[in-house]
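Structure data (mmCIF, C-alpha atoms) from model.cif:
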```cif
data_work
loop_
_atom_site.label_atom_id
_atom_site.label_comp_id
_atom_site.auth_asym_id
_atom_site.auth_seq_id
_atom_site.Cartn_x
_atom_site.Cartn_y
_atom_site.Cartn_z
CA MET Q 1 0.00 0.00 0.00
CA ASN Q 2 1.48 3.35 -0.99
CA PRO Q 3 1.67 6.16 1.61
CA LEU Q 4 -1.33 8.08 0.25
CA ASP Q 5 -3.54 4.96 0.20
CA ARG Q 6 -2.40 4.19 3.77
CA LEU Q 7 -3.40 7.68 4.95
CA LEU Q 8 -6.77 7.41 3.22
CA ALA Q 9 -7.35 3.99 4.81
CA ILE Q 10 -6.47 5.37 8.25
CA GLU Q 11 -8.99 8.16 7.79
CA ASP Q 12 -11.65 5.69 6.61
CA ILE Q 13 -11.04 3.54 9.72
CA ARG Q 14 -11.24 6.60 12.01
CA ARG Q 15 -14.54 7.63 10.44
CA LEU Q 16 -15.84 4.06 10.75
CA LYS Q 17 -15.11 4.05 14.50
CA ALA Q 18 -16.81 7.45 14.81
CA ARG Q 19 -19.94 5.94 13.19
CA TYR Q 20 -19.73 3.05 15.69
CA PHE Q 21 -19.91 5.52 18.58
CA LEU Q 22 -22.66 7.55 16.85
CA GLY Q 23 -24.68 4.34 16.48
CA VAL Q 24 -24.27 3.47 20.16
CA ASP Q 25 -24.94 6.96 21.53
CA GLY Q 26 -27.76 7.60 19.04
CA LYS Q 27 -29.25 4.17 19.74
CA ASP Q 28 -29.35 3.58 16.00
CA ALA Q 29 -29.23 -0.18 15.43
CA ALA Q 30 -29.02 0.13 11.63
CA LEU Q 31 -26.05 2.50 11.81
CA LEU Q 32 -24.36 0.35 14.44
CA ARG Q 33 -24.84 -2.81 12.37
CA SER Q 34 -23.49 -1.09 9.25
CA VAL Q 35 -19.98 -0.66 10.67
CA PHE Q 36 -19.44 -4.41 11.06
CA ALA Q 37 -18.41 -7.05 8.55
CA ASP Q 38 -20.70 -10.07 8.36
CA GLY Q 39 -19.84 -12.51 11.13
CA ALA Q 40 -17.78 -9.94 13.05
CA GLU Q 41 -16.85 -10.87 16.59
CA THR Q 42 -17.97 -8.53 19.38
CA ASP Q 43 -16.34 -9.30 22.72
CA PHE Q 44 -17.64 -7.42 25.75
CA ARG Q 45 -16.92 -10.08 28.37
CA SER Q 46 -14.97 -7.46 30.33
CA GLU Q 47 -18.34 -5.84 31.11
CA SER Q 48 -19.23 -8.82 33.32
CA PRO Q 49 -17.47 -9.67 36.59
CA THR Q 50 -17.74 -13.35 35.61
CA ARG Q 51 -16.52 -12.73 32.02
CA ASP Q 52 -19.89 -14.04 30.81
CA GLU Q 53 -19.32 -15.87 27.51
CA ALA Q 54 -22.74 -14.64 26.27
CA LEU Q 55 -21.13 -11.21 25.84
CA ARG Q 56 -18.98 -12.53 22.99
CA THR Q 57 -20.85 -13.08 19.74
CA HIS Q 58 -20.28 -13.46 16.00
CA ASP Q 59 -23.62 -11.88 15.10
CA PRO Q 60 -23.38 -8.11 14.52
CA GLU Q 61 -27.13 -7.86 13.92
CA GLN Q 62 -27.84 -9.33 17.36
CA PHE Q 63 -25.14 -7.18 18.95
CA ALA Q 64 -26.65 -3.99 17.49
CA ARG Q 65 -30.19 -4.91 18.58
CA ASN Q 66 -29.08 -5.94 22.09
CA THR Q 67 -26.94 -2.83 22.58
CA VAL Q 68 -29.75 -0.48 21.60
CA ALA Q 69 -32.27 -2.36 23.76
CA MET Q 70 -29.96 -2.45 26.79
CA LEU Q 71 -29.25 1.29 26.57
CA ALA Q 72 -32.91 2.34 26.22
CA GLY Q 73 -33.65 4.82 29.02
CA PHE Q 74 -29.98 5.82 29.29
CA THR Q 75 -28.05 8.74 27.87
CA THR Q 76 -24.56 7.74 26.76
CA ALA Q 77 -21.45 9.59 25.64
CA HIS Q 78 -18.54 7.60 24.22
CA ARG Q 79 -15.18 9.08 23.29
CA ALA Q 80 -12.13 7.56 21.68
CA GLY Q 81 -8.60 8.92 21.74
CA LEU Q 82 -5.95 8.70 19.08
CA PRO Q 83 -5.76 5.15 17.74
CA ASP Q 84 -2.67 3.12 17.08
CA ILE Q 85 -3.51 1.65 13.65
CA GLU Q 86 -1.31 -1.05 12.14
CA PHE Q 87 -1.81 -2.59 8.70
CA VAL Q 88 -1.46 -6.35 8.51
CA SER Q 89 -2.00 -6.26 4.74
CA ASP Q 90 -3.58 -3.97 2.17
CA ASP Q 91 -7.00 -5.27 3.25
CA GLU Q 92 -6.61 -5.87 6.99
CA ALA Q 93 -5.67 -3.61 9.91
CA ARG Q 94 -5.58 -3.68 13.69
CA ALA Q 95 -6.07 -0.79 16.06
CA VAL Q 96 -6.07 0.00 19.76
CA TRP Q 97 -8.29 2.91 20.75
CA PRO Q 98 -8.12 4.56 24.18
CA MET Q 99 -11.72 5.18 25.23
CA SER Q 100 -13.89 6.73 27.89
CA ASP Q 101 -17.61 6.66 28.34
CA ARG Q 102 -20.36 8.06 30.51
CA ILE Q 103 -23.75 6.44 30.97
CA TRP Q 104 -26.63 8.10 32.84
CA LEU Q 105 -29.97 6.53 33.75
CA GLU Q 106 -32.80 8.81 32.64
CA ASP Q 107 -35.74 6.92 34.13
CA ALA Q 108 -35.26 4.82 37.28
CA ALA Q 109 -38.36 2.79 36.42
CA GLN Q 110 -36.61 1.49 33.28
CA ALA Q 111 -33.42 0.33 35.00
CA ARG Q 112 -32.04 -2.81 33.37
CA LEU Q 113 -28.49 -2.21 34.49
CA PRO Q 114 -27.35 -2.18 38.13
CA PHE Q 115 -26.37 1.52 38.31
CA LYS Q 116 -27.67 5.08 37.90
CA SER Q 117 -24.49 6.31 36.23
CA LEU Q 118 -21.19 4.93 35.03
CA ARG Q 119 -17.86 6.47 34.13
CA GLY Q 120 -15.45 4.15 32.39
CA TRP Q 121 -12.03 4.08 30.78
CA GLY Q 122 -10.20 1.45 28.80
CA HIS Q 123 -9.20 0.35 25.31
CA TYR Q 124 -10.95 -1.07 22.29
CA HIS Q 125 -8.89 -3.68 20.45
CA ASP Q 126 -10.23 -3.84 16.90
CA ARG Q 127 -9.51 -5.72 13.70
CA TYR Q 128 -10.67 -4.26 10.37
CA VAL Q 129 -11.14 -5.71 6.91
CA ARG Q 130 -11.64 -3.93 3.62
CA THR Q 131 -14.82 -5.17 1.95
CA ALA Q 132 -16.59 -4.22 -1.26
CA GLN Q 133 -18.47 -1.65 0.88
CA GLY Q 134 -15.26 -0.22 2.38
CA TRP Q 135 -13.53 -0.83 5.71
CA ARG Q 136 -15.56 -2.71 8.32
CA ILE Q 137 -14.95 -3.93 11.85
CA ALA Q 138 -14.16 -7.66 11.77
CA ALA Q 139 -13.63 -7.94 15.54
CA THR Q 140 -13.86 -5.62 18.52
CA ARG Q 141 -12.98 -6.26 22.15
CA LEU Q 142 -13.36 -3.81 25.02
CA GLU Q 143 -10.97 -4.07 27.95
CA ARG Q 144 -11.73 -1.64 30.74
CA SER Q 145 -9.03 -0.32 33.05
CA LYS Q 146 -11.33 1.62 35.41
CA VAL Q 147 -15.05 1.86 36.09
CA ILE Q 148 -16.84 4.08 38.60
CA VAL Q 149 -20.54 3.33 39.16
CA GLU Q 150 -23.08 5.14 41.27
#
```

Would you mind writing the structure in this file as structure tokens?
Amino acid sequence: MNPLDRLLAIEDIRRLKARYFLGVDGKDAALLRSVFADGAETDFRSESPTRDEALRTHDPEQFARNTVAMLAGFTTAHRAGLPDIEFVSDDEARAVWPMSDRIWLEDAAQARLPFKSLRGWGHYHDRYVRTAQGWRIAATRLERSKVIVE
């Protein structure tokens, strides 16, 4: 990959991750699903104290639906820092994204999660593939380093 193509691919991957966060915070299942390759792995076992295996799937459609449903009644704000993006080949890349998020319960009657608010920090570990539709997330894993719940 020549230097210009590499820079364009980096920008495409950055914009893809931005759409991921827009889909989560906007509770837009279609947008969230659109950032994933078919069969992409989503691994959020770190969100469970028991590392619940049910939080790792290979079904982006299910992940998008479940995420939007779980966050109903919450306001969320996700932020990512500068990624470290490495190209494995012309059509595959890996990245580590520093992240932080805030989650606030809007309606106590709708509580499905065991907190009123959450502040979290950690890293997303992603793998990307270039498809006919452009770059897509082939795998994502969140590893949190700190969580404060109230």

So that I can see what lies close to range 56-71 of chain Q, please list as a ChimeraX atom specification the residues with an atom at most 8 Å from it, counting only C-alpha atoms and leaving out residues fewer than 5 positions away in the same chain. /Q:24,27-30,32-33,36-45,76,112-113

Using all atoms listed in the file, pick whichever of Q:Ala54, Q:Val96, Q:Leu31, Q:Ile85 has the shortest atom-to-atom distance to Asp12 in chain Q.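 Counting all atoms listed in the file, the residue closest to Asp12 in chain Q is Q:Ile85.
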
Carefully work through the PyMOL selection byres ((chain Q and resi 86) around 10) for this structure and note down the residues it includes, as a PDB file with C-alpha atoms, keeping the file's coordinate frame.
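Full text of expr_24.pdb as output:
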```
ATOM      1  CA  ARG Q   6      -2.400   4.190   3.770  1.00  0.00           C
ATOM      2  CA  ILE Q  10      -6.470   5.370   8.250  1.00  0.00           C
ATOM      3  CA  PRO Q  83      -5.760   5.150  17.740  1.00  0.00           C
ATOM      4  CA  ASP Q  84      -2.670   3.120  17.080  1.00  0.00           C
ATOM      5  CA  ILE Q  85      -3.510   1.650  13.650  1.00  0.00           C
ATOM      6  CA  PHE Q  87      -1.810  -2.590   8.700  1.00  0.00           C
ATOM      7  CA  VAL Q  88      -1.460  -6.350   8.510  1.00  0.00           C
ATOM      8  CA  SER Q  89      -2.000  -6.260   4.740  1.00  0.00           C
ATOM      9  CA  GLU Q  92      -6.610  -5.870   6.990  1.00  0.00           C
ATOM     10  CA  ALA Q  93      -5.670  -3.610   9.910  1.00  0.00           C
ATOM     11  CA  ARG Q  94      -5.580  -3.680  13.690  1.00  0.00           C
ATOM     12  CA  ALA Q  95      -6.070  -0.790  16.060  1.00  0.00           C
ATOM     13  CA  VAL Q  96      -6.070   0.000  19.760  1.00  0.00           C
ATOM     14  CA  ARG Q 127      -9.510  -5.720  13.700  1.00  0.00           C
TER      15      ARG Q 127
END
```

Between Q:Glu150, Q:Ala139, Q:Glu47, Q:Ala72, which one has atoms that come closest to Trp121 in chain Q, using only C-alpha atoms? Q:Glu47

3 Å per side around range 147-150 of chain Q: axis-aligned box centre and edge lengths, as lines of an AutoDock Vina configuration file:
```
center_x = -19.1
center_y = 3.5
center_z = 38.7
size_x = 14.0
size_y = 9.3
size_z = 11.2
```
